[in-house]
Amino acid sequence: KILLEKDSLGIPANLLKPLDEAELETLDRLWKNYRTEPILGFVPKFEGIVDKADQRYLRMSYLLRPFRRPRVLDIKIGTRTWLEKECDNKKLRPDFLERMKELYPDQVTAEEQTAAGVTKLRFMKLRDEQTTIGTLGFRIDGVAGARATSSITDWNAQLKKVKTFEDTVELFSAFIEMAATDDHHQEGVQPEQLAEAMLDKLHTIREAFATSPCMRRHECIGSSLLLVADAFGHAGVFWIDFGKTRLLPEDCHVDHNLAWKPGSHEDGILLGLSSLVSAWQTCLDRLLKIDITSPDAVETANMTGCLHPCVTQ
């Protein structure tokens, strides 16, 4: 359970997250060894470990503090969500087979039925293939603070329908139009202004990732981007969730924009960021009513939507 620490005015100042040793190692290393890196401007500040009621927590800065009634998208970033070590795990799991039957019944083979189980890798690869992780390098996993609109009455149900680049653009458009207006601040801001601010943040974090020595030394699996906006013109992009982030051996470096092959440690984060930038650019163009069939727009669109297969054998 995540807890919030409030300041003397009752405003959340820090977030307490149940301690995960791998995430602790990564946060500690980031803030000790890479303090001058631009990438840290997108990461919650690590404030140490807190003990509360027989539970240990990681204390981090509360990223939503600068926002007023923020609307949030949680986006899993990268082209795979499983660690390379899972390739060596041959244990058959009945629980994952049951989840496959529930979520992807037409993908279950006769052999898997007979074996009464599948490996964790089989399930996680299949899940990635069935979502935009496999085609775009990102997946919209959650939304917080969103209210029902004329186009989306149930945001969680809508997320399950997102399968294509066009689906992501439509959801981002609905999100930013909703975020630009507020129940308590009817004037709000123009959706295109908020979308442009979000796009600017995404360009900046992509540049930070692409030029970061820290990133070249880390395999980043299962991390997320928080996209935050409010009706007062604030937009933010933050990088969180480092439980599967690993420091690579000294002789190993990753580019983050190549398809994974066994032993490469590539995670596709930059592939996903490029897709995300293109989706938001398309969203902004539509809000501005720019002709997206123009040569420049077509060139931008051609950069994404063609990442599959991001993971090769």
# chains A, B, ... in the order shown; residues from 1 in each chain; ligands from 1
$ residues_around --residues "segment 174-178 of chain A" --least-positions-apart "2" --cutoff "7 Å" --atoms "only C-alpha atoms" --output "list in words"
Glu170, Leu171, Phe172, Ala180, Thr181, Pro191, Leu194 and Ala195 of chain A
$ write_last_selection --atoms "N, CA and C atoms" --output "PDB file, in the first residue's frame"
ATOM      1  N   GLU A 170      -6.684   8.592 -30.205  1.00  0.00           N
ATOM      2  CA  GLU A 170      -8.039   8.949 -29.790  1.00  0.00           C
ATOM      3  C   GLU A 170      -8.141   9.058 -28.268  1.00  0.00           C
ATOM      4  N   LEU A 171      -7.470   8.136 -27.543  1.00  0.00           N
ATOM      5  CA  LEU A 171      -7.536   8.194 -26.089  1.00  0.00           C
ATOM      6  C   LEU A 171      -6.773   9.408 -25.565  1.00  0.00           C
ATOM      7  N   PHE A 172      -5.599   9.699 -26.135  1.00  0.00           N
ATOM      8  CA  PHE A 172      -4.853  10.889 -25.715  1.00  0.00           C
ATOM      9  C   PHE A 172      -5.659  12.158 -25.979  1.00  0.00           C
ATOM     10  N   ALA A 180      -8.134  19.550 -19.841  1.00  0.00           N
ATOM     11  CA  ALA A 180      -8.072  20.999 -20.086  1.00  0.00           C
ATOM     12  C   ALA A 180      -9.226  21.751 -19.443  1.00  0.00           C
ATOM     13  N   THR A 181     -10.264  21.052 -19.081  1.00  0.00           N
ATOM     14  CA  THR A 181     -11.391  21.666 -18.374  1.00  0.00           C
ATOM     15  C   THR A 181     -11.538  20.991 -17.029  1.00  0.00           C
ATOM     16  N   PRO A 191      -7.317  22.885 -25.101  1.00  0.00           N
ATOM     17  CA  PRO A 191      -6.717  21.542 -25.181  1.00  0.00           C
ATOM     18  C   PRO A 191      -5.425  21.523 -25.990  1.00  0.00           C
ATOM     19  N   LEU A 194      -2.462  22.587 -23.886  1.00  0.00           N
ATOM     20  CA  LEU A 194      -2.043  21.540 -22.950  1.00  0.00           C
ATOM     21  C   LEU A 194      -1.350  20.391 -23.697  1.00  0.00           C
ATOM     22  N   ALA A 195      -1.858  20.037 -24.863  1.00  0.00           N
ATOM     23  CA  ALA A 195      -1.239  18.982 -25.666  1.00  0.00           C
ATOM     24  C   ALA A 195       0.156  19.401 -26.113  1.00  0.00           C
TER      25      ALA A 195
END
$ residues_around --residues "segment 220-231 of chain A" --least-positions-apart "5" --cutoff "7 Å" --atoms "only C-alpha atoms" --output "ChimeraX atom specification"
/A:67-77,80-83,179-182,188-189,236-242,244-246,267
$ atom_distance --atom1 "atom CA of Asn14 of chain A" --atom2 "atom CA of Met198 of chain A"
23.7 Å
$ atom_distance --atom1 "atom CA of Ser212 of chain A" --atom2 "atom CA of Ile39 of chain A"
7.1 Å
$ residues_around --residues "Lys6 of chain A" --least-positions-apart "6" --cutoff "12 Å" --atoms "only C-alpha atoms" --output "ChimeraX atom specification"
/A:12-16,61-62,65
